[in-house]
Amino acid sequence: MNVFTDDFKPQPFWWDAASLEQQTTQNLPQSADVVIIGSGYTGLQAALQVARAGKSTLVLDAEALGFGASSRNGGQISTSIKPSFSKLCRKYGTTIATNILREGQASLDYMKNFMVEEDIECEFKTPGRFHAAHTPRAYERLAKECEEVTGIVKTDAYVVTKAEQHSELGTDVYHGGAVYPHHASIHPGLYHKGLLNVVRKAGAEIISHCRVTNIERQKNGFQLSTGLGQVRAGNVIIATNGYTGTLTPWQQRRIIPIGSYIIATEELPKHTIDQLMPTDRILSDTRKLVYYYRPSPDRKRILFGGRVSLSETDPKQTGPLLRDELIRIFPELADVRISHSWSGLVGFTFDSMMHAGNDNGLYYAMGYCGSGVGMASYLGMKIGQQAAGNLPNVTGFSEIPFPTRPLYSGNPWFLAPSVLFYKWRDRLNF
């Protein structure tokens with residue numbers, strides 16, 4: 001059986017409705033108050049704050065605008081914090097742990113308000129999320145985590161038993177799960193396109209296909225070398241996340257680029273979608289090698305993502321692997337074909353936390369660990385305010401160290417054994 005449709009596209013499904021722009025043609029200015037490297041959610045949200053503060057603002061990207069994860073992700077918006085509250089308390093103390101958890105909630109609230117205030121049309125919905133437990137132990141952990149944050153943040157989360165599971169998901173492979181009713185979804189491509197328009201209207205200059213090759217710190221700012229020439233900057237914001245490279249070696253040593261892969265199915269009968277996904281919720285599970293999925297905004301397809309390869313970038317190779325996992329969860333889809341298959345880089349960190357900070361005028365926000373839609377937007381906004389001089393260094397993520405490991409320089413050689421270990425762990429009752 002050919003698992004691909006006749007009109008298969010090896011590119012993000014989102015690009016059908018929001019194709020990437022052609023190369024911009026404007027000239028590089030001689031200087032800007034703030035130069036932002038990266039045109040994804042982080043960079044554009046930062047640029048919006050800087051431009052609206054009356055500062056000259058320049059956004060540069062080595063590729064097409066939004067080429068990276070901002071137009072490739074699954075369109076899921078959560079409260080973003082991966083470690084449990086109890087783990088955060090043990091590591092950082094109750095005060096910092098509470099601040100971090102509340103900032104996760106603030107990132108979700110920010111997204112909801114931003115869509116309304118800026119009138120961005122991007123299929124934004126608040127259907128909630130069903131986080132499925134892949135083992136009975138995982139279900140017990142979910143129940144405990146829902147209870148322990150009561151009174152700290154208002155999640156309104158509740159557990160769903162295995163017996164009740166079909167009200168959320170038409171499969172028997174899970175052991176119940178938790179519903180987070182305030183989590184949201186968007187069309188990532190349309191969100192990026194709308195955000196790009198808002199930033200341009202605010203007065204920022206945005207140039208694609210302009211790779212920054214060197215950042216030189218000077219007495220009163222920075223001198224940047226690019227493929228289009230030199231530009232002076234008062235402050236610089238690094239907004240490269242999973243695509244962070246040798247330009248910024250300090251950040252590169254702290255970011256672990258991991259490939260994530262997604263497929264879109266061909267259009268499915270309405271009764272099939274309604275049976276398998278009776279709600280519009282975004283979906284994920286408790287595996288270390290997590291799967292994340294959802295119905296498409298028009299409820300005609302299933303979008304299914306996960307980490308099924310360490311180095312393979314050919315979507316015709318990774319697509320069938322994801323399809324196999326989709327069928328394992330939903331055997332009814334044994335004959336389904338793939339219409340789109342693609343991949344992108346996710347920026348992970350050694351502590352599974354996002355980070356934001358400032359090194360004498362060199363600002364950064366990155367390391368979203370797969371929860372970047374909301375948190376990249378939120379921390380981009382925060383770091384933009386800081387670079388514009390309108391906000392002190394007050395994010396909870398600036399209060400914690402940004403760790404690296406000895407001998408690590410950006411090449412995650414340890415991923416292969418780690419993935420094998422997590423695959424083994426996911427198969428056991430953990």
# chains A, B, ... in the order shown; residues from 1 in each chain; ligands from 1

call {"tool": "closest_atom_pairs", "arguments": {"of": "region 340-360 of chain A", "to": "region 55-76 of chain A", "cutoff": "10 Å", "atoms": "only C-alpha atoms", "output": "tab-separated table"}}
result
residue	atom	partner	partner_atom	distance
A:Trp342	CA	A:Arg72	CA	7.7
A:Ser343	CA	A:Arg72	CA	7.0
A:Gly344	CA	A:Ala69	CA	5.7
A:Leu345	CA	A:Ala69	CA	6.4
A:Val346	CA	A:Ala69	CA	7.1
A:Gly347	CA	A:Ala69	CA	9.4

call {"tool": "write_last_selection", "arguments": {"atoms": "C-alpha atoms", "output": "PDB file, in the first residue's frame"}}
result
ATOM      1  CA  TRP A 342       7.463  17.524   7.864  1.00  0.00           C
ATOM      2  CA  SER A 343       9.913  18.160  10.671  1.00  0.00           C
ATOM      3  CA  GLY A 344      11.509  20.970  12.656  1.00  0.00           C
ATOM      4  CA  LEU A 345      13.937  21.553  15.493  1.00  0.00           C
ATOM      5  CA  VAL A 346      12.802  21.902  19.090  1.00  0.00           C
ATOM      6  CA  GLY A 347      15.063  23.654  21.598  1.00  0.00           C
TER       7      GLY A 347
END

call {"tool": "closest_atom_pairs", "arguments": {"of": "region 46-93 of chain A", "to": "region 124-145 of chain A", "cutoff": "9 Å", "atoms": "only C-alpha atoms", "output": "Markdown table"}}
result
| residue | atom | partner | partner_atom | distance |
| --- | --- | --- | --- | --- |
| A:Gln76 | CA | A:Arg129 | CA | 8.6 |
| A:Ile77 | CA | A:Arg129 | CA | 9.0 |
| A:Ser78 | CA | A:Arg129 | CA | 7.9 |
| A:Ser84 | CA | A:Glu145 | CA | 6.7 |
| A:Phe85 | CA | A:Glu145 | CA | 7.6 |
| A:Ser86 | CA | A:Glu145 | CA | 8.4 |

call {"tool": "closest_atom_pairs", "arguments": {"of": "region 79-124 of chain A", "to": "region 285-302 of chain A", "cutoff": "12 Å", "atoms": "only C-alpha atoms", "output": "tab-separated table"}}
result
residue	atom	partner	partner_atom	distance
A:Lys82	CA	A:Thr286	CA	10.9
A:Cys122	CA	A:Pro297	CA	9.6
A:Glu123	CA	A:Pro297	CA	6.6
A:Phe124	CA	A:Pro297	CA	9.0

call {"tool": "atom_distance", "arguments": {"atom1": "CA of Phe402 (chain A)", "atom2": "CA of Ile100 (chain A)"}}
result
14.3 Å

call {"tool": "select_by_dssp", "arguments": {"residues": "region 235-381 of chain A", "states": "strand (DSSP E or B)", "output": "ChimeraX atom specification"}}
result
/A:235-238,256-265,282-285,291-295,302-306,338-348,355-359,362-366

call {"tool": "write_last_selection", "arguments": {"atoms": "N, CA and C atoms", "output": "compact mmCIF listing (two decimals), in the first residue's frame"}}
result
# COMPACT_ATOMS: atom_id res chain seq x y z
N ASN A 235 21.26 47.27 21.51
CA ASN A 235 21.03 45.99 22.16
C ASN A 235 20.75 44.93 21.10
N VAL A 236 20.99 43.68 21.45
CA VAL A 236 20.73 42.55 20.55
C VAL A 236 19.90 41.52 21.29
N ILE A 237 18.91 40.97 20.60
CA ILE A 237 18.10 39.88 21.17
C ILE A 237 18.34 38.62 20.34
N ILE A 238 18.73 37.54 21.01
CA ILE A 238 18.91 36.24 20.36
C ILE A 238 17.61 35.45 20.50
N ILE A 256 19.72 22.12 23.37
CA ILE A 256 19.82 20.80 22.75
C ILE A 256 18.81 20.76 21.59
N PRO A 257 19.27 20.81 20.34
CA PRO A 257 18.33 20.76 19.22
C PRO A 257 17.85 19.33 18.97
N ILE A 258 16.55 19.15 19.03
CA ILE A 258 15.97 17.82 18.84
C ILE A 258 14.92 17.90 17.74
N GLY A 259 15.00 16.98 16.79
CA GLY A 259 14.03 16.96 15.71
C GLY A 259 12.67 16.47 16.19
N SER A 260 11.63 17.15 15.75
CA SER A 260 10.27 16.70 16.00
C SER A 260 9.56 16.59 14.66
N TYR A 261 8.68 15.61 14.53
CA TYR A 261 8.12 15.24 13.24
C TYR A 261 6.59 15.21 13.33
N ILE A 262 5.94 15.64 12.25
CA ILE A 262 4.47 15.70 12.23
C ILE A 262 3.97 15.22 10.87
N ILE A 263 2.81 14.59 10.90
CA ILE A 263 2.10 14.25 9.67
C ILE A 263 0.68 14.80 9.75
N ALA A 264 0.11 15.02 8.59
CA ALA A 264 -1.33 15.28 8.47
C ALA A 264 -1.92 14.15 7.64
N THR A 265 -3.04 13.63 8.08
CA THR A 265 -3.71 12.58 7.31
C THR A 265 -4.49 13.20 6.15
N ILE A 282 -6.80 19.56 22.17
CA ILE A 282 -5.46 19.14 21.80
C ILE A 282 -5.10 17.94 22.68
N LEU A 283 -4.21 17.09 22.19
CA LEU A 283 -3.98 15.80 22.83
C LEU A 283 -2.49 15.54 22.97
N SER A 284 -2.13 14.90 24.07
CA SER A 284 -0.74 14.52 24.31
C SER A 284 -0.74 13.35 25.27
N ASP A 285 0.43 12.76 25.49
CA ASP A 285 0.48 11.66 26.45
C ASP A 285 1.70 11.79 27.36
N TYR A 291 3.91 11.78 22.28
CA TYR A 291 3.15 12.02 21.06
C TYR A 291 2.16 13.13 21.33
N TYR A 292 1.98 13.98 20.34
CA TYR A 292 1.03 15.09 20.46
C TYR A 292 0.20 15.12 19.18
N TYR A 293 -1.09 15.35 19.31
CA TYR A 293 -1.95 15.28 18.15
C TYR A 293 -3.23 16.06 18.38
N ARG A 294 -4.01 16.21 17.33
CA ARG A 294 -5.22 17.02 17.39
C ARG A 294 -5.98 16.86 16.08
N PRO A 295 -7.27 17.17 16.08
CA PRO A 295 -7.95 17.32 14.79
C PRO A 295 -7.50 18.63 14.14
N ILE A 302 -6.42 14.46 10.89
CA ILE A 302 -5.72 14.34 12.17
C ILE A 302 -4.28 14.75 11.94
N LEU A 303 -3.78 15.62 12.80
CA LEU A 303 -2.37 16.02 12.81
C LEU A 303 -1.71 15.28 13.95
N PHE A 304 -0.62 14.57 13.66
CA PHE A 304 -0.01 13.67 14.63
C PHE A 304 1.49 13.87 14.63
N GLY A 305 2.07 14.16 15.81
CA GLY A 305 3.49 14.44 15.89
C GLY A 305 4.20 13.67 16.98
N GLY A 306 5.51 13.57 16.85
CA GLY A 306 6.31 12.90 17.87
C GLY A 306 7.77 12.86 17.44
N ILE A 338 -1.17 9.59 4.15
CA ILE A 338 -0.54 10.82 4.63
C ILE A 338 -0.58 11.87 3.52
N SER A 339 -1.08 13.06 3.86
CA SER A 339 -1.11 14.15 2.87
C SER A 339 0.07 15.10 3.02
N HIS A 340 0.58 15.24 4.26
CA HIS A 340 1.71 16.13 4.53
C HIS A 340 2.61 15.47 5.57
N SER A 341 3.90 15.67 5.44
CA SER A 341 4.86 15.17 6.43
C SER A 341 6.01 16.17 6.50
N TRP A 342 6.41 16.52 7.73
CA TRP A 342 7.46 17.52 7.86
C TRP A 342 8.15 17.39 9.22
N SER A 343 9.18 18.18 9.41
CA SER A 343 9.91 18.16 10.67
C SER A 343 10.42 19.55 10.99
N GLY A 344 10.92 19.72 12.21
CA GLY A 344 11.51 20.97 12.66
C GLY A 344 12.33 20.70 13.90
N LEU A 345 13.09 21.70 14.32
CA LEU A 345 13.94 21.55 15.49
C LEU A 345 13.30 22.19 16.72
N VAL A 346 13.29 21.43 17.81
CA VAL A 346 12.80 21.90 19.09
C VAL A 346 14.01 22.21 19.97
N GLY A 347 13.97 23.29 20.70
CA GLY A 347 15.06 23.65 21.60
C GLY A 347 14.82 23.13 23.00
N PHE A 348 15.55 22.07 23.38
CA PHE A 348 15.45 21.53 24.74
C PHE A 348 16.60 22.06 25.59
N HIS A 355 14.41 29.52 29.36
CA HIS A 355 15.29 30.48 30.03
C HIS A 355 15.27 31.81 29.28
N ALA A 356 15.43 32.88 30.04
CA ALA A 356 15.51 34.23 29.47
C ALA A 356 16.48 35.03 30.31
N GLY A 357 17.24 35.91 29.65
CA GLY A 357 18.21 36.68 30.41
C GLY A 357 18.85 37.76 29.59
N ASN A 358 19.86 38.40 30.18
CA ASN A 358 20.54 39.53 29.58
C ASN A 358 22.00 39.52 30.01
N ASP A 359 22.88 39.53 29.03
CA ASP A 359 24.31 39.59 29.29
C ASP A 359 24.83 40.92 28.75
N LEU A 362 23.08 41.85 25.56
CA LEU A 362 22.80 40.71 24.69
C LEU A 362 21.72 39.87 25.36
N TYR A 363 20.50 40.03 24.89
CA TYR A 363 19.34 39.39 25.50
C TYR A 363 19.05 38.06 24.80
N TYR A 364 18.37 37.17 25.51
CA TYR A 364 17.98 35.90 24.90
C TYR A 364 16.74 35.38 25.60
N ALA A 365 15.95 34.60 24.86
CA ALA A 365 14.84 33.82 25.40
C ALA A 365 14.75 32.57 24.54
N MET A 366 14.77 31.38 25.15
CA MET A 366 14.85 30.14 24.37
C MET A 366 14.69 28.93 25.29

call {"tool": "select_by_dssp", "arguments": {"residues": "region 64-288 of chain A", "states": "alpha helix (DSSP H)", "output": "short mmCIF file (atom, residue, chain, number, x, y, z; two decimals) with N, CA, C and O atoms, in the first residue's frame"}}
result
data_model
loop_
_atom_site.label_atom_id
_atom_site.label_comp_id
_atom_site.auth_asym_id
_atom_site.auth_seq_id
_atom_site.Cartn_x
_atom_site.Cartn_y
_atom_site.Cartn_z
N PHE A 85 5.36 20.78 40.16
CA PHE A 85 5.57 21.78 41.20
C PHE A 85 6.46 21.24 42.32
O PHE A 85 7.34 21.95 42.82
N SER A 86 6.26 19.99 42.68
CA SER A 86 7.07 19.42 43.75
C SER A 86 8.54 19.34 43.34
O SER A 86 9.43 19.61 44.15
N LYS A 87 8.81 19.01 42.08
CA LYS A 87 10.20 18.97 41.61
C LYS A 87 10.81 20.37 41.61
O LYS A 87 11.97 20.57 41.99
N LEU A 88 10.03 21.35 41.18
CA LEU A 88 10.52 22.72 41.18
C LEU A 88 10.81 23.21 42.60
O LEU A 88 11.81 23.90 42.83
N CYS A 89 9.95 22.83 43.54
CA CYS A 89 10.17 23.23 44.93
C CYS A 89 11.46 22.63 45.48
O CYS A 89 12.22 23.32 46.18
N ARG A 90 11.68 21.37 45.19
CA ARG A 90 12.90 20.72 45.69
C ARG A 90 14.16 21.36 45.10
O ARG A 90 15.18 21.47 45.77
N LYS A 91 14.06 21.82 43.88
CA LYS A 91 15.23 22.34 43.20
C LYS A 91 15.48 23.82 43.47
O LYS A 91 16.63 24.25 43.66
N TYR A 92 14.39 24.62 43.52
CA TYR A 92 14.55 26.06 43.60
C TYR A 92 13.94 26.71 44.84
O TYR A 92 14.15 27.90 45.08
N THR A 94 10.17 27.09 47.31
CA THR A 94 8.75 27.32 47.05
C THR A 94 8.49 28.64 46.33
O THR A 94 7.65 28.71 45.43
N THR A 95 9.21 29.70 46.70
CA THR A 95 8.93 31.01 46.11
C THR A 95 9.22 31.03 44.61
O THR A 95 8.37 31.43 43.81
N ILE A 96 10.40 30.58 44.21
CA ILE A 96 10.73 30.56 42.79
C ILE A 96 9.85 29.57 42.04
O ILE A 96 9.38 29.84 40.93
N ALA A 97 9.58 28.42 42.64
CA ALA A 97 8.72 27.42 42.00
C ALA A 97 7.33 28.00 41.74
O ALA A 97 6.74 27.80 40.66
N THR A 98 6.81 28.73 42.72
CA THR A 98 5.50 29.36 42.56
C THR A 98 5.53 30.40 41.45
O THR A 98 4.61 30.48 40.62
N ASN A 99 6.58 31.22 41.42
CA ASN A 99 6.70 32.24 40.37
C ASN A 99 6.74 31.61 38.99
O ASN A 99 6.10 32.10 38.05
N ILE A 100 7.48 30.52 38.86
CA ILE A 100 7.59 29.85 37.57
C ILE A 100 6.24 29.30 37.13
O ILE A 100 5.82 29.46 35.97
N LEU A 101 5.56 28.64 38.06
CA LEU A 101 4.26 28.06 37.72
C LEU A 101 3.27 29.15 37.30
O LEU A 101 2.50 28.98 36.35
N ARG A 102 3.30 30.27 38.00
CA ARG A 102 2.39 31.36 37.67
C ARG A 102 2.73 32.01 36.34
O ARG A 102 1.85 32.50 35.63
N GLU A 103 4.02 32.01 36.00
CA GLU A 103 4.38 32.55 34.69
C GLU A 103 3.93 31.62 33.56
O GLU A 103 3.60 32.08 32.47
N GLY A 104 3.93 30.33 33.83
CA GLY A 104 3.36 29.41 32.85
C GLY A 104 1.90 29.72 32.59
O GLY A 104 1.45 29.76 31.44
N GLN A 105 1.16 29.98 33.65
CA GLN A 105 -0.25 30.37 33.51
C GLN A 105 -0.36 31.72 32.82
O GLN A 105 -1.23 31.92 31.96
N ALA A 106 0.54 32.65 33.15
CA ALA A 106 0.50 33.98 32.54
C ALA A 106 0.74 33.91 31.04
O ALA A 106 0.18 34.71 30.27
N SER A 107 1.56 32.96 30.60
CA SER A 107 1.82 32.83 29.17
C SER A 107 0.55 32.45 28.41
O SER A 107 0.30 32.95 27.30
N LEU A 108 -0.25 31.58 29.00
CA LEU A 108 -1.52 31.18 28.38
C LEU A 108 -2.49 32.36 28.36
O LEU A 108 -3.14 32.63 27.34
N ASP A 109 -2.58 33.07 29.47
CA ASP A 109 -3.46 34.24 29.54
C ASP A 109 -3.03 35.31 28.54
O ASP A 109 -3.87 35.96 27.90
N TYR A 110 -1.72 35.48 28.41
CA TYR A 110 -1.21 36.48 27.47
C TYR A 110 -1.64 36.16 26.05
O TYR A 110 -2.07 37.06 25.29
N MET A 111 -1.54 34.90 25.67
CA MET A 111 -1.92 34.52 24.31
C MET A 111 -3.40 34.80 24.05
O MET A 111 -3.76 35.33 22.99
N LYS A 112 -4.23 34.45 25.01
CA LYS A 112 -5.67 34.68 24.83
C LYS A 112 -5.97 36.16 24.65
O LYS A 112 -6.75 36.57 23.77
N ASN A 113 -5.36 37.00 25.47
CA ASN A 113 -5.60 38.43 25.38
C ASN A 113 -5.01 39.02 24.11
O ASN A 113 -5.62 39.90 23.47
N PHE A 114 -3.85 38.54 23.72
CA PHE A 114 -3.16 39.07 22.55
C PHE A 114 -3.99 38.85 21.28
O PHE A 114 -4.10 39.76 20.43
N MET A 115 -4.57 37.68 21.14
CA MET A 115 -5.36 37.38 19.94
C MET A 115 -6.53 38.34 19.80
O MET A 115 -6.87 38.79 18.70
N VAL A 116 -7.16 38.65 20.93
CA VAL A 116 -8.31 39.56 20.90
C VAL A 116 -7.87 40.99 20.65
O VAL A 116 -8.41 41.69 19.79
N GLU A 117 -6.87 41.44 21.40
CA GLU A 117 -6.43 42.83 21.31
C GLU A 117 -5.87 43.18 19.93
O GLU A 117 -6.07 44.29 19.42
N GLU A 118 -5.16 42.24 19.31
CA GLU A 118 -4.53 42.51 18.01
C GLU A 118 -5.38 42.02 16.85
O GLU A 118 -5.00 42.20 15.69
N PRO A 136 -0.76 2.91 34.22
CA PRO A 136 -1.50 3.22 35.46
C PRO A 136 -0.71 4.11 36.40
O PRO A 136 -1.29 5.00 37.06
N ARG A 137 0.58 3.92 36.51
CA ARG A 137 1.39 4.78 37.36
C ARG A 137 1.36 6.22 36.89
O ARG A 137 1.31 7.16 37.68
N ALA A 138 1.41 6.40 35.57
CA ALA A 138 1.36 7.75 35.02
C ALA A 138 0.03 8.43 35.35
O ALA A 138 -0.01 9.63 35.62
N TYR A 139 -1.05 7.64 35.37
CA TYR A 139 -2.34 8.20 35.75
C TYR A 139 -2.32 8.69 37.20
O TYR A 139 -2.82 9.78 37.51
N GLU A 140 -1.73 7.92 38.07
CA GLU A 140 -1.65 8.32 39.48
C GLU A 140 -0.81 9.59 39.64
O GLU A 140 -1.14 10.47 40.45
N ARG A 141 0.25 9.70 38.88
CA ARG A 141 1.07 10.91 38.94
C ARG A 141 0.29 12.12 38.45
O ARG A 141 0.38 13.21 39.03
N LEU A 142 -0.47 11.93 37.39
CA LEU A 142 -1.28 13.04 36.88
C LEU A 142 -2.28 13.51 37.92
O LEU A 142 -2.47 14.71 38.12
N ALA A 143 -2.93 12.56 38.57
CA ALA A 143 -3.91 12.92 39.60
C ALA A 143 -3.26 13.70 40.72
O ALA A 143 -3.80 14.70 41.22
N LYS A 144 -2.07 13.29 41.12
CA LYS A 144 -1.35 13.98 42.19
C LYS A 144 -0.95 15.38 41.77
O LYS A 144 -1.07 16.35 42.54
N GLU A 145 -0.47 15.52 40.52
CA GLU A 145 -0.04 16.82 40.03
C GLU A 145 -1.22 17.78 39.91
O GLU A 145 -1.08 18.98 40.18
N CYS A 146 -2.38 17.30 39.50
CA CYS A 146 -3.57 18.15 39.43
C CYS A 146 -3.91 18.70 40.81
O CYS A 146 -4.31 19.86 40.96
N GLU A 147 -3.74 17.85 41.83
CA GLU A 147 -4.11 18.24 43.20
C GLU A 147 -3.10 19.20 43.81
O GLU A 147 -3.47 20.15 44.51
N GLU A 148 -1.80 19.01 43.53
CA GLU A 148 -0.77 19.76 44.24
C GLU A 148 -0.70 21.23 43.84
O GLU A 148 -0.16 22.04 44.58
N PRO A 188 -0.75 27.61 13.49
CA PRO A 188 0.53 28.29 13.70
C PRO A 188 0.95 29.20 12.55
O PRO A 188 1.51 30.27 12.78
N GLY A 189 0.69 28.77 11.32
CA GLY A 189 1.08 29.57 10.17
C GLY A 189 0.32 30.89 10.11
O GLY A 189 0.91 31.95 9.85
N LEU A 190 -0.98 30.82 10.35
CA LEU A 190 -1.78 32.05 10.32
C LEU A 190 -1.44 32.96 11.50
O LEU A 190 -1.48 34.19 11.37
N TYR A 191 -1.11 32.36 12.64
CA TYR A 191 -0.68 33.18 13.77
C TYR A 191 0.61 33.93 13.42
O TYR A 191 0.72 35.14 13.65
N HIS A 192 1.58 33.23 12.86
CA HIS A 192 2.83 33.89 12.49
C HIS A 192 2.59 34.99 11.46
O HIS A 192 3.15 36.09 11.56
N LYS A 193 1.76 34.70 10.50
CA LYS A 193 1.46 35.69 9.46
C LYS A 193 0.78 36.92 10.06
O LYS A 193 1.13 38.06 9.73
N GLY A 194 -0.18 36.70 10.95
CA GLY A 194 -0.86 37.82 11.60
C GLY A 194 0.08 38.62 12.48
O GLY A 194 0.04 39.86 12.50
N LEU A 195 0.94 37.92 13.21
CA LEU A 195 1.91 38.58 14.08
C LEU A 195 2.90 39.40 13.25
O LEU A 195 3.25 40.54 13.61
N LEU A 196 3.32 38.87 12.13
CA LEU A 196 4.23 39.58 11.24
C LEU A 196 3.60 40.90 10.77
O LEU A 196 4.26 41.95 10.76
N ASN A 197 2.33 40.86 10.42
CA ASN A 197 1.65 42.08 9.98
C ASN A 197 1.57 43.11 11.10
O ASN A 197 1.77 44.31 10.87
N VAL A 198 1.28 42.66 12.31
CA VAL A 198 1.19 43.58 13.46
C VAL A 198 2.54 44.25 13.71
O VAL A 198 2.62 45.46 13.98
N VAL A 199 3.62 43.47 13.65
CA VAL A 199 4.96 44.01 13.91
C VAL A 199 5.36 45.01 12.84
O VAL A 199 5.95 46.06 13.14
N ARG A 200 5.04 44.73 11.59
CA ARG A 200 5.35 45.68 10.52
C ARG A 200 4.59 46.98 10.71
O ARG A 200 5.14 48.08 10.51
N LYS A 201 3.32 46.87 11.08
CA LYS A 201 2.53 48.09 11.31
C LYS A 201 3.08 48.91 12.46
O LYS A 201 2.92 50.13 12.49
N PRO A 249 27.91 31.04 20.95
CA PRO A 249 28.37 29.77 21.54
C PRO A 249 27.91 29.56 22.98
O PRO A 249 27.70 28.42 23.39
N TRP A 250 27.75 30.63 23.76
CA TRP A 250 27.29 30.45 25.14
C TRP A 250 25.90 29.86 25.16
O TRP A 250 25.62 28.91 25.91
N GLN A 251 25.01 30.38 24.34
CA GLN A 251 23.65 29.83 24.25
C GLN A 251 23.66 28.45 23.59
O GLN A 251 22.92 27.55 24.00
N GLN A 252 24.51 28.28 22.58
CA GLN A 252 24.55 26.98 21.88
C GLN A 252 24.90 25.85 22.84
O GLN A 252 24.39 24.74 22.72
N LYS A 270 -16.47 12.34 8.47
CA LYS A 270 -16.85 13.03 9.69
C LYS A 270 -17.10 12.06 10.84
O LYS A 270 -16.69 12.31 11.98
N HIS A 271 -17.75 10.94 10.56
CA HIS A 271 -18.06 10.00 11.64
C HIS A 271 -16.79 9.39 12.23
O HIS A 271 -16.75 9.05 13.42
N THR A 272 -15.74 9.26 11.42
CA THR A 272 -14.48 8.72 11.93
C THR A 272 -13.82 9.71 12.88
O THR A 272 -13.40 9.34 13.99
N ILE A 273 -13.74 10.96 12.47
CA ILE A 273 -13.18 12.01 13.34
C ILE A 273 -14.00 12.10 14.63
O ILE A 273 -13.44 12.16 15.74
N ASP A 274 -15.31 12.10 14.51
CA ASP A 274 -16.17 12.24 15.70
C ASP A 274 -16.02 11.06 16.65
O ASP A 274 -16.11 11.21 17.87
N GLN A 275 -15.77 9.88 16.11
CA GLN A 275 -15.58 8.70 16.95
C GLN A 275 -14.23 8.74 17.67
O GLN A 275 -14.14 8.46 18.87
N LEU A 276 -13.19 9.10 16.94
CA LEU A 276 -11.84 9.05 17.51
C LEU A 276 -11.53 10.29 18.35
O LEU A 276 -10.82 10.18 19.36
#

call {"tool": "closest_residue", "arguments": {"among": "A:Ile255, A:Leu44, A:Val50, A:Ala178", "to": "Tyr408 (chain A)", "atoms": "only C-alpha atoms"}}
result
A:Ile255

call {"tool": "atom_distance", "arguments": {"atom1": "CA of Gly203 (chain A)", "atom2": "CA of Val35 (chain A)"}}
result
13.3 Å

call {"tool": "closest_residue", "arguments": {"among": "A:Gly372, A:Pro83, A:Gly229, A:Gly410", "to": "Leu247 (chain A)", "atoms": "only C-alpha atoms"}}
result
A:Gly410
